[in-house]
Amino acid sequence: MPAAGRGVRLGAGTPKAFARLHGRPLLWHAVGGLLGSGCVDRVVVAVAGSDRVLAATALDDVTERVRIVTGGTERSDSVRAALEAVTDADIVLVHDAARCLIPPSVIRSVVDAVRAGHRAVVPVLPCSDTVKQVDDHGTVITTVDRAVLRVAQTPQGFDADLLRRAYATGGGHATDDAELVERLGEAVTTVAGHPRAFKITTPFDLAVAEAVAGAP
Ligand code: C5P
């Protein structure tokens with residue numbers, strides 16, 4: 001679980017994973033969501049080195065199923081660090097701490113799809129907005145056909161060996177993990193995501209999360 005982002009856009013005065021939602025850190029909600037899904041054995045959390053004690057305190061009620069490692073400069077550096085701590089798993093999920101309201105049904109459908117033989121699985125939503133491609137000046141180049149677009153969420157599920165290979169050879173910057181698998185030329189399968197799996201990035205997102213948390 002990458003949780004080492006600084007949360008500049010959230011502006012909470014604390015790293016995003018430690019911003020509070022109904023009195024608890026986002027990290028606590030996110031880890032609890034995974035462990036409570038019934039299909040996740042252990043969670044490796046990547047946080048900034050200076051936040052390891054804070055993370056251990058936030059997660060002290062689930063400590064035996066959680067390992068904390070030091071993340072990196074980019075999200076992919078944090079995922080790589082967490083992946084290196086998972087040497088024996090056959091299936092690995094990568095889940096953003098910032099998507100802490102993920103419904104368990106989505107987690108289960110990702111795991112089920114990997115177990116069914118899909119080696120890389122991404123939960124997605126349709127793109128409901130019209131999307132414009134623009135140039136450096138903000139002038140529209142073209143309107144992209146939104147019917148073929150999907151918004152990618154997490155957890156993204158992988159055959160662990162494939163994800164290790166993607167991180168070993170995929171290289172470079174990526175904003176999600178499936179992109180590194182795509183670079184290998186391997187198939188990435190989609191399953192239905194959920195609006196509650198949205199990523200908390202801005203103060204508006206946190207207000208939305210406060211409003212919907214606890215709703216059925
Ligand atoms: O920056 P972004 O919103 O894409 O971050 C998505 C997730 O990746 C968040 O949970 C954040 O904490 C994590 N992240 C990380 N290490 C970084 C940057 C982001 O673990 N260097």
# chains A, B, ... in the order shown; residues from 1 in each chain; ligands from 1

$ residues_around --residues "Arg6 of chain A" --least-positions-apart "2" --cutoff "8 Å" --atoms "only C-alpha atoms" --output "list in words"
Ala4, Val8, Thr14, Pro15 and Lys16 of chain A

$ write_last_selection --atoms "all heavy atoms" --output "PDB file, in the first residue's frame"
ATOM      1  N   ALA A   4       3.078   7.039   1.072  1.00  0.00           N
ATOM      2  CA  ALA A   4       4.192   7.948   1.375  1.00  0.00           C
ATOM      3  C   ALA A   4       4.050   9.306   0.707  1.00  0.00           C
ATOM      4  O   ALA A   4       4.994  10.090   0.709  1.00  0.00           O
ATOM      5  CB  ALA A   4       5.510   7.289   0.965  1.00  0.00           C
ATOM      6  N   VAL A   8       0.407  17.416  -0.595  1.00  0.00           N
ATOM      7  CA  VAL A   8       0.482  18.867  -0.798  1.00  0.00           C
ATOM      8  C   VAL A   8      -0.873  19.428  -1.243  1.00  0.00           C
ATOM      9  O   VAL A   8      -1.334  20.451  -0.742  1.00  0.00           O
ATOM     10  CB  VAL A   8       1.579  19.204  -1.836  1.00  0.00           C
ATOM     11  CG1 VAL A   8       1.564  20.685  -2.185  1.00  0.00           C
ATOM     12  CG2 VAL A   8       2.944  18.783  -1.296  1.00  0.00           C
ATOM     13  N   THR A  14      -0.330  17.641   7.238  1.00  0.00           N
ATOM     14  CA  THR A  14       0.219  16.340   7.602  1.00  0.00           C
ATOM     15  C   THR A  14       0.259  15.518   6.323  1.00  0.00           C
ATOM     16  O   THR A  14      -0.489  15.811   5.392  1.00  0.00           O
ATOM     17  CB  THR A  14      -0.696  15.660   8.665  1.00  0.00           C
ATOM     18  OG1 THR A  14      -0.136  14.416   9.046  1.00  0.00           O
ATOM     19  CG2 THR A  14      -2.085  15.409   8.139  1.00  0.00           C
ATOM     20  N   PRO A  15       1.138  14.504   6.220  1.00  0.00           N
ATOM     21  CA  PRO A  15       1.077  13.647   5.028  1.00  0.00           C
ATOM     22  C   PRO A  15      -0.335  13.088   4.850  1.00  0.00           C
ATOM     23  O   PRO A  15      -1.027  12.796   5.835  1.00  0.00           O
ATOM     24  CB  PRO A  15       2.089  12.545   5.345  1.00  0.00           C
ATOM     25  CG  PRO A  15       3.038  13.172   6.311  1.00  0.00           C
ATOM     26  CD  PRO A  15       2.202  14.112   7.140  1.00  0.00           C
ATOM     27  N   LYS A  16      -0.741  12.948   3.583  1.00  0.00           N
ATOM     28  CA  LYS A  16      -2.150  12.619   3.303  1.00  0.00           C
ATOM     29  C   LYS A  16      -2.648  11.388   4.059  1.00  0.00           C
ATOM     30  O   LYS A  16      -3.777  11.369   4.548  1.00  0.00           O
ATOM     31  CB  LYS A  16      -2.330  12.434   1.794  1.00  0.00           C
ATOM     32  CG  LYS A  16      -3.753  12.152   1.379  1.00  0.00           C
ATOM     33  CD  LYS A  16      -3.990  12.456  -0.081  1.00  0.00           C
ATOM     34  CE  LYS A  16      -3.240  11.543  -1.011  1.00  0.00           C
ATOM     35  NZ  LYS A  16      -3.566  11.846  -2.426  1.00  0.00           N
TER      36      LYS A  16
END

$ closest_atom_pairs --of "chain A" --to "ligand 1" --cutoff "6 Å" --atoms "only C-alpha atoms and all ligand atoms" --output "JSON lines"
{"residue": "A:Pro2", "atom": "CA", "partner": "ligand 1", "partner_atom_place_in_ligand_line": "20 (O)", "distance": 3.3}
{"residue": "A:Ala3", "atom": "CA", "partner": "ligand 1", "partner_atom_place_in_ligand_line": "12 (O)", "distance": 3.3}
{"residue": "A:Ala4", "atom": "CA", "partner": "ligand 1", "partner_atom_place_in_ligand_line": "20 (O)", "distance": 3.5}
{"residue": "A:Gly5", "atom": "CA", "partner": "ligand 1", "partner_atom_place_in_ligand_line": "12 (O)", "distance": 3.5}
{"residue": "A:Ala17", "atom": "CA", "partner": "ligand 1", "partner_atom_place_in_ligand_line": "12 (O)", "distance": 5.8}
{"residue": "A:Ala46", "atom": "CA", "partner": "ligand 1", "partner_atom_place_in_ligand_line": "20 (O)", "distance": 5.9}
{"residue": "A:Gly71", "atom": "CA", "partner": "ligand 1", "partner_atom_place_in_ligand_line": "16 (N)", "distance": 5.8}
{"residue": "A:Gly72", "atom": "CA", "partner": "ligand 1", "partner_atom_place_in_ligand_line": "21 (N)", "distance": 5.0}
{"residue": "A:Thr73", "atom": "CA", "partner": "ligand 1", "partner_atom_place_in_ligand_line": "21 (N)", "distance": 4.1}
{"residue": "A:Glu74", "atom": "CA", "partner": "ligand 1", "partner_atom_place_in_ligand_line": "21 (N)", "distance": 3.5}
{"residue": "A:Arg75", "atom": "CA", "partner": "ligand 1", "partner_atom_place_in_ligand_line": "17 (C)", "distance": 3.7}
{"residue": "A:Ser78", "atom": "CA", "partner": "ligand 1", "partner_atom_place_in_ligand_line": "20 (O)", "distance": 4.8}
{"residue": "A:Asp96", "atom": "CA", "partner": "ligand 1", "partner_atom_place_in_ligand_line": "10 (O)", "distance": 3.9}
{"residue": "A:Ala97", "atom": "CA", "partner": "ligand 1", "partner_atom_place_in_ligand_line": "10 (O)", "distance": 3.9}
{"residue": "A:Ala98", "atom": "CA", "partner": "ligand 1", "partner_atom_place_in_ligand_line": "10 (O)", "distance": 4.3}
{"residue": "A:Thr201", "atom": "CA", "partner": "ligand 1", "partner_atom_place_in_ligand_line": "3 (O)", "distance": 5.9}

$ residues_around --residues "Val122 of chain A" --least-positions-apart "6" --cutoff "8 Å" --atoms "only C-alpha atoms" --output "list in words"
Val110, Ala152, Gln153, Thr154, Pro155, Gln156, Gly157, Ala178, Val188, Thr189, Thr190 and Val191 of chain A

$ atom_distance --atom1 "atom CA of Gly36 of chain A" --atom2 "atom CA of Arg67 of chain A"
16.4 Å

$ residues_around --residues "Cys100 of chain A" --least-positions-apart "3" --cutoff "8 Å" --atoms "only C-alpha atoms" --output "list in words"
Leu26, Leu27, His29, Ala30, Val31, Gly33, Asp96, Ala97, Ala197 and Lys199 of chain A

$ residues_around --residues "Gly32 of chain A" --least-positions-apart "5" --cutoff "12 Å" --atoms "only C-alpha atoms" --output "ChimeraX atom specification"
/A:1,24-27,37-38,40-43,58-63,65-66,97,99-104

$ select_by_dssp --residues "segment 90-216 of chain A" --states "alpha helix (DSSP H)" --output "number ranges by chain"
A: 104-115, 160-165, 178-183, 203-212

$ residues_around --residues "Thr87 of chain A" --least-positions-apart "6" --cutoff "12 Å" --atoms "only C-alpha atoms" --output "ChimeraX atom specification"
/A:44,81,160-161,163-164

$ write_last_selection --atoms "N, CA and C atoms" --output "CSV table (one decimal), in the first residue's frame"
chain,number,residue,atom,x,y,z
A,44,VAL,N,1.5,-4.6,3.4
A,44,VAL,CA,2.7,-3.9,3.6
A,44,VAL,C,2.5,-2.4,3.2
A,81,ALA,N,9.3,-0.6,-3.0
A,81,ALA,CA,9.8,-0.9,-1.7
A,81,ALA,C,8.9,-1.9,-0.9
A,160,ALA,N,1.9,-12.2,-8.7
A,160,ALA,CA,3.0,-11.5,-8.0
A,160,ALA,C,4.3,-11.6,-8.9
A,161,ASP,N,4.5,-12.7,-9.6
A,161,ASP,CA,5.8,-12.8,-10.4
A,161,ASP,C,5.7,-11.8,-11.6
A,163,LEU,N,4.1,-8.9,-11.6
A,163,LEU,CA,4.3,-7.5,-11.1
A,163,LEU,C,5.8,-7.3,-10.7
A,164,ARG,N,6.5,-8.3,-10.2
A,164,ARG,CA,7.9,-8.2,-9.9
A,164,ARG,C,8.7,-8.0,-11.2

$ atom_distance --atom1 "atom CA of Ala48 of chain A" --atom2 "atom CA of Val79 of chain A"
12.2 Å

$ atom_distance --atom1 "atom CA of Val181 of chain A" --atom2 "atom CA of Val151 of chain A"
17.0 Å

$ closest_residue --among "A:Val121, A:Thr175, A:Arg115, A:Arg196" --to "Gly214 of chain A" --atoms "only C-alpha atoms"
A:Arg196

$ closest_residue --among "A:Val53, A:Ala211, A:Leu206, A:Ile107" --to "Leu35 of chain A" --atoms "only C-alpha atoms"
A:Ile107
